[in-house]
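Visitor: My structure is below; once you've seen it, I'll send some questions.
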Amino acid sequence: MLQVKSVIKQFSNGDNKVLAVNNITLTVKQGQFASIIGKSGSGKSTLLALLGALDRPSKGRILVDDKDITKLSDSELVKYRCQKIGFVFQAYNLVPNLTALENVMLPMEFSKVKKGERKKRAQELLKQVGLDDKKQHRKPSNLSGGEQQRVAIARALANKPSVILADEPTGNLDSQTGKMIFDLLHGLAKSEKTTVVVVTHDLSIAGRTDITFTLSDGKLTEKK
Ligand SMILES: Nc1ncnc2c1ncn2[C@@H]1O[C@H](COP(=O)(O)OP(=O)(O)OP(=O)(O)O)[C@@H](O)[C@H]1O
Ligand SMILES: [Mg+2]
C-alpha cells in the first residue's frame, strides 16, 4: 500500500519558488491500478518521482507497505528503488547497446541474482509481454516503440517490485499499441497484486483505472 501524507515539494530557482506538490494526501491500495492526470506543470512527474524515492519531499511522509521512505538513508534508498519499485518512462530509457534480454537482466544484476537465473527469468518476462526469442536478441533500435515499451515493462518487473510507477508510458505510442500496454499493466496489477500508478494525458486510459487522482497547480483537486 502507498500512503502519501501531507506531502510538499518546493523547488527554488533563484528567488523564484515553485510549490510543485502542494500538500497532497492520498492512498493507493495493494494491487490497485491508479492514474494521475492534470495539466502540464501540475506536478504529476514530481509526485511520481517522490513515490519512487528519486527525490525527497520538502515536507510530509510517504509510506510504502507501512515503511516511511522519507526517513531512509541514501544507501537504503538505493535498495528500496532496486527491490520495491519498477519504473516505466515515456521514452522507454533502455540501454541502447544492450539487447532486449540484457536490458531485462540488468536490474537483477544489481540485486545480485545469479546469472543463470537472471537469464531464465528475463526470458520468461519477455515472453509474458509478448516478445519472441528472436526479438529478445535485438537491440532497442531494432524494435518498434510498442516493443521497446514492453521490454521496459519486463525490465520494471525483473526484481518483482510491489509498486510500478509509469510516467506517460503510452505517450509515444499510437492509440492501439497504447491500449495494449495499458492492458498489460492492468493485467499485472490484477494477477501479481502489483500496485500500479500511471501518469497519463489520455483520459480514455484514466477512465479505465480503479482510481483517478487529478492534480492542479500541485494540489489534489479530484479523486474518483
Ligand atoms: N527540478 C526542478 N526545479 C525547479 N522546478 C521544477 C523542477 N521540476 C519540476 N519543476 C516545476 O514544478 C512544476 C511541476 O512540474 P512537473 O514536471 O511535476 O509537471 P507535470 O505535471 O509532470 O507536467 P507535464 O505534463 O508537462 O510532464 C512545474 O512548474 C515545473 O516547472
Ligand atoms: Mg511530467
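Quick note on naming: the chains in the C-alpha cells go A, B, ... in the order shown, residues restart at 1 in each chain, and ligands are numbered from 1 in order of appearance.
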Around ligand 1, at most 8 Å away and counting only C-alpha atoms and all ligand atoms, which residues are there? Put them as a PDB file with N, CA and C atoms, in the first residue's frame, please.

Guide:
ATOM      1  N   GLN A  10       8.895  21.656  -2.753  1.00  0.00           N
ATOM      2  CA  GLN A  10       9.145  23.016  -3.239  1.00  0.00           C
ATOM      3  C   GLN A  10      10.475  23.060  -3.966  1.00  0.00           C
ATOM      4  N   PHE A  11      10.466  23.678  -5.126  1.00  0.00           N
ATOM      5  CA  PHE A  11      11.716  23.918  -5.857  1.00  0.00           C
ATOM      6  C   PHE A  11      12.047  25.401  -5.788  1.00  0.00           C
ATOM      7  N   SER A  12      13.314  25.713  -5.684  1.00  0.00           N
ATOM      8  CA  SER A  12      13.706  27.123  -5.744  1.00  0.00           C
ATOM      9  C   SER A  12      14.618  27.333  -6.939  1.00  0.00           C
ATOM     10  N   ASN A  13      14.216  28.233  -7.818  1.00  0.00           N
ATOM     11  CA  ASN A  13      15.091  28.665  -8.915  1.00  0.00           C
ATOM     12  C   ASN A  13      15.479  30.101  -8.608  1.00  0.00           C
ATOM     13  N   VAL A  18       8.714  27.417  -6.454  1.00  0.00           N
ATOM     14  CA  VAL A  18       7.577  26.702  -7.055  1.00  0.00           C
ATOM     15  C   VAL A  18       7.134  25.596  -6.110  1.00  0.00           C
ATOM     16  N   LEU A  19       5.850  25.607  -5.751  1.00  0.00           N
ATOM     17  CA  LEU A  19       5.291  24.501  -4.967  1.00  0.00           C
ATOM     18  C   LEU A  19       4.777  23.457  -5.961  1.00  0.00           C
ATOM     19  N   ALA A  20       5.675  22.578  -6.385  1.00  0.00           N
ATOM     20  CA  ALA A  20       5.323  21.599  -7.421  1.00  0.00           C
ATOM     21  C   ALA A  20       4.307  20.597  -6.889  1.00  0.00           C
ATOM     22  N   VAL A  21       4.456  20.215  -5.617  1.00  0.00           N
ATOM     23  CA  VAL A  21       3.474  19.364  -4.943  1.00  0.00           C
ATOM     24  C   VAL A  21       3.078  20.101  -3.678  1.00  0.00           C
ATOM     25  N   ILE A  37      -3.819  12.362 -13.383  1.00  0.00           N
ATOM     26  CA  ILE A  37      -3.975  13.231 -14.543  1.00  0.00           C
ATOM     27  C   ILE A  37      -3.862  14.691 -14.096  1.00  0.00           C
ATOM     28  N   GLY A  38      -3.789  15.584 -15.079  1.00  0.00           N
ATOM     29  CA  GLY A  38      -3.672  17.008 -14.767  1.00  0.00           C
ATOM     30  C   GLY A  38      -2.883  17.698 -15.865  1.00  0.00           C
ATOM     31  N   LYS A  39      -3.042  19.014 -15.938  1.00  0.00           N
ATOM     32  CA  LYS A  39      -2.375  19.800 -16.979  1.00  0.00           C
ATOM     33  C   LYS A  39      -0.859  19.722 -16.865  1.00  0.00           C
ATOM     34  N   SER A  40      -0.187  20.091 -17.939  1.00  0.00           N
ATOM     35  CA  SER A  40       1.271  20.177 -17.929  1.00  0.00           C
ATOM     36  C   SER A  40       1.711  21.123 -16.811  1.00  0.00           C
ATOM     37  N   GLY A  41       2.667  20.704 -16.022  1.00  0.00           N
ATOM     38  CA  GLY A  41       3.169  21.547 -14.929  1.00  0.00           C
ATOM     39  C   GLY A  41       2.370  21.420 -13.644  1.00  0.00           C
ATOM     40  N   SER A  42       1.397  20.504 -13.598  1.00  0.00           N
ATOM     41  CA  SER A  42       0.551  20.401 -12.406  1.00  0.00           C
ATOM     42  C   SER A  42       1.198  19.594 -11.280  1.00  0.00           C
ATOM     43  N   GLY A  43       2.353  18.962 -11.578  1.00  0.00           N
ATOM     44  CA  GLY A  43       3.083  18.270 -10.504  1.00  0.00           C
ATOM     45  C   GLY A  43       3.066  16.752 -10.584  1.00  0.00           C
ATOM     46  N   LYS A  44       2.571  16.212 -11.684  1.00  0.00           N
ATOM     47  CA  LYS A  44       2.420  14.752 -11.816  1.00  0.00           C
ATOM     48  C   LYS A  44       3.765  14.017 -11.727  1.00  0.00           C
ATOM     49  N   SER A  45       4.728  14.459 -12.551  1.00  0.00           N
ATOM     50  CA  SER A  45       6.029  13.770 -12.562  1.00  0.00           C
ATOM     51  C   SER A  45       6.759  13.961 -11.245  1.00  0.00           C
ATOM     52  N   THR A  46       6.607  15.137 -10.656  1.00  0.00           N
ATOM     53  CA  THR A  46       7.244  15.403  -9.363  1.00  0.00           C
ATOM     54  C   THR A  46       6.712  14.442  -8.306  1.00  0.00           C
ATOM     55  N   LEU A  47       5.398  14.265  -8.276  1.00  0.00           N
ATOM     56  CA  LEU A  47       4.781  13.355  -7.301  1.00  0.00           C
ATOM     57  C   LEU A  47       5.264  11.920  -7.535  1.00  0.00           C
ATOM     58  N   HIS A 201      -1.979  11.538 -19.981  1.00  0.00           N
ATOM     59  CA  HIS A 201      -2.813  12.607 -20.525  1.00  0.00           C
ATOM     60  C   HIS A 201      -4.069  12.018 -21.156  1.00  0.00           C
ATOM     61  N   LEU A 215      -4.583  16.382 -10.515  1.00  0.00           N
ATOM     62  CA  LEU A 215      -3.765  17.429  -9.899  1.00  0.00           C
ATOM     63  C   LEU A 215      -3.975  18.743 -10.636  1.00  0.00           C
ATOM     64  N   ASP A 217      -2.090  22.659 -10.266  1.00  0.00           N
ATOM     65  CA  ASP A 217      -1.139  23.517  -9.547  1.00  0.00           C
ATOM     66  C   ASP A 217      -0.603  22.868  -8.273  1.00  0.00           C
ATOM     67  N   GLY A 218      -0.240  21.599  -8.380  1.00  0.00           N
ATOM     68  CA  GLY A 218       0.369  20.910  -7.248  1.00  0.00           C
ATOM     69  C   GLY A 218      -0.608  20.397  -6.206  1.00  0.00           C
TER      70      GLY A 218
END

Visitor: With DSSP run on the backbone, what are the alpha helix (DSSP H) residues within stretch 58-118 of chain A? I'd like them as a PyMOL selection string.

Guide: chain A and resi 74-84+100-110+115-118

Visitor: Extract, using only C-alpha atoms, all DNA, RNA and protein residues at most 9 Å from A:Ala34, discarding same-chain residues fewer than 3 positions from it, and format them as a list in words.

Guide: Val28, Thr195, Val196, Val197, Val198, Val199, Ala206, Thr209, Asp210, Ile211, Thr212 and Phe213 of chain A

Visitor: Skip A:Gly178 itself and residues of its chain fewer than 3 positions away, then list as a list in words all residues within 12 Å of it, counting only C-alpha atoms.

Guide: Gln90, Gly145, Gly146, Glu147, Gln149, Arg150, Glu168, Pro169, Thr170, Gly171, Asn172, Leu173, Asp174, Ser175, Ile181, Phe182, Asp183, Leu184, Leu185, Thr200, His201, Asp202, Ser204 and Ile205 of chain A

Visitor: Write out, as a CSV table (one decimal), in the first residue's frame, the residues just selected, with C-alpha atoms.

Guide:
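Wrote it out as result_0.csv, contents follow:
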chain,number,residue,atom,x,y,z
A,90,GLN,CA,7.6,7.7,-21.8
A,145,GLY,CA,8.1,1.7,-29.9
A,146,GLY,CA,5.5,-0.6,-28.5
A,147,GLU,CA,8.0,-3.5,-28.4
A,149,GLN,CA,7.9,-0.3,-24.1
A,150,ARG,CA,7.1,-3.9,-23.5
A,168,GLU,CA,3.2,8.7,-19.6
A,169,PRO,CA,4.0,5.1,-20.7
A,170,THR,CA,1.8,5.3,-23.8
A,171,GLY,CA,2.7,8.9,-24.7
A,172,ASN,CA,4.9,7.9,-27.6
A,173,LEU,CA,2.6,5.2,-28.9
A,174,ASP,CA,-0.3,5.0,-31.3
A,175,SER,CA,-3.7,4.5,-29.6
A,181,ILE,CA,0.5,-1.5,-23.0
A,182,PHE,CA,-2.3,-0.3,-20.7
A,183,ASP,CA,-3.9,-3.8,-20.7
A,184,LEU,CA,-0.5,-5.3,-19.9
A,185,LEU,CA,-0.1,-3.0,-16.8
A,200,THR,CA,-1.3,9.9,-18.3
A,201,HIS,CA,-2.8,12.6,-20.5
A,202,ASP,CA,-5.1,10.0,-22.1
A,204,SER,CA,-9.8,7.1,-22.0
A,205,ILE,CA,-7.0,5.3,-20.2

Visitor: Please identify all polymer residues within 12 Å of A:Lys134, counting only C-alpha atoms, omitting same-chain residues fewer than 6 positions from it, and present them as number ranges by chain.

Guide: A: 99-101, 123, 126-127, 142-143

Visitor: Figure out the distance between atom CA of A:Ile36 and atom CA of A:Gly130, please, to one decimal in Å.

Guide: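 Distance between the two atoms: 26.7 Å.
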
Visitor: In terms of the shortest atom-to-atom distance over only C-alpha atoms and all ligand atoms, which of A:Asp65, A:Glu124, A:Glu222, A:Asp167 is closest to ligand 2?

Guide: A:Asp167

Visitor: Compare A:Asn103, A:Ala166, A:Ile153, A:Thr194 by their minimum atom-to-atom distance to ligand 2, counting only C-alpha atoms and all ligand atoms, and give me the closest one.

Guide: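 Among the listed residues, the smallest separation from ligand 2 belongs to A:Ala166.
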
Visitor: Please provide the set of residues having any atom within 12 Å of stretch 53-57 of chain A, restricted to only C-alpha atoms, with same-chain residues fewer than 6 positions apart removed, written as a PyMOL selection string.

Guide: chain A and resi 4-11+19-24+45-47+63-64+68-82+84-87+163+165

Visitor: So that I have them on file, write out the residues from the current selection with C-alpha atoms, as a tab-separated table (two decimals), in the first residue's frame.

Guide:
chain	number	residue	atom	x	y	z
A	4	VAL	CA	1.12	9.95	0.79
A	5	LYS	CA	0.57	12.17	3.83
A	6	SER	CA	0.58	15.98	3.60
A	7	VAL	CA	3.45	15.96	1.12
A	8	ILE	CA	5.01	19.19	-0.09
A	9	LYS	CA	7.76	19.57	-2.68
A	10	GLN	CA	9.15	23.02	-3.24
A	11	PHE	CA	11.72	23.92	-5.86
A	19	LEU	CA	5.29	24.50	-4.97
A	20	ALA	CA	5.32	21.60	-7.42
A	21	VAL	CA	3.47	19.36	-4.94
A	22	ASN	CA	1.35	21.34	-2.52
A	23	ASN	CA	0.11	19.38	0.48
A	24	ILE	CA	-1.07	16.17	-1.16
A	45	SER	CA	6.03	13.77	-12.56
A	46	THR	CA	7.24	15.40	-9.36
A	47	LEU	CA	4.78	13.35	-7.30
A	63	LEU	CA	4.63	5.18	3.49
A	64	VAL	CA	5.21	2.15	1.30
A	68	ASP	CA	8.32	5.67	5.78
A	69	ILE	CA	10.61	6.07	2.77
A	70	THR	CA	11.34	9.72	3.56
A	71	LYS	CA	13.33	8.50	6.57
A	72	LEU	CA	15.62	6.15	4.64
A	73	SER	CA	19.35	6.81	4.32
A	74	ASP	CA	20.84	7.20	0.83
A	75	SER	CA	22.04	3.61	0.72
A	76	GLU	CA	18.67	2.32	1.94
A	77	LEU	CA	17.01	4.38	-0.80
A	78	VAL	CA	19.08	2.71	-3.49
A	79	LYS	CA	17.98	-0.65	-2.13
A	80	TYR	CA	14.35	0.47	-1.93
A	81	ARG	CA	14.30	1.62	-5.56
A	82	CYS	CA	16.01	-1.55	-6.74
A	84	LYS	CA	10.45	-2.42	-4.38
A	85	ILE	CA	9.88	-0.19	-7.39
A	86	GLY	CA	9.68	-0.73	-11.13
A	87	PHE	CA	9.87	2.39	-13.30
A	163	VAL	CA	4.90	-0.97	-6.98
A	165	LEU	CA	5.39	3.71	-11.43

Visitor: Which one of A:Leu98, A:Leu203, A:Leu188, A:Leu157 sits closest to A:His137 if you count only C-alpha atoms?

Guide: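 So, comparing all the options, the nearest one is A:Leu98.
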
Visitor: Could you give me the residues within stretch 70-206 of chain A that DSSP places in strand (DSSP E or B), as an NGL selection string?

Guide: :A and (85-89 or 163-167 or 195-199)

Visitor: Any chance you could export the current selection's C-alpha atoms as a tab-separated table (two decimals), in the first residue's frame?

Guide:
chain	number	residue	atom	x	y	z
A	85	ILE	CA	9.88	-0.19	-7.39
A	86	GLY	CA	9.68	-0.73	-11.13
A	87	PHE	CA	9.87	2.39	-13.30
A	88	VAL	CA	8.45	2.82	-16.80
A	89	PHE	CA	9.05	6.07	-18.71
A	163	VAL	CA	4.90	-0.97	-6.98
A	164	ILE	CA	5.16	0.01	-10.66
A	165	LEU	CA	5.39	3.71	-11.43
A	166	ALA	CA	4.83	4.73	-15.04
A	167	ASP	CA	5.16	8.30	-16.36
A	195	THR	CA	0.27	-1.63	-7.21
A	196	VAL	CA	0.45	0.38	-10.44
A	197	VAL	CA	0.45	4.18	-10.66
A	198	VAL	CA	0.27	5.66	-14.16
A	199	VAL	CA	0.62	9.32	-15.11
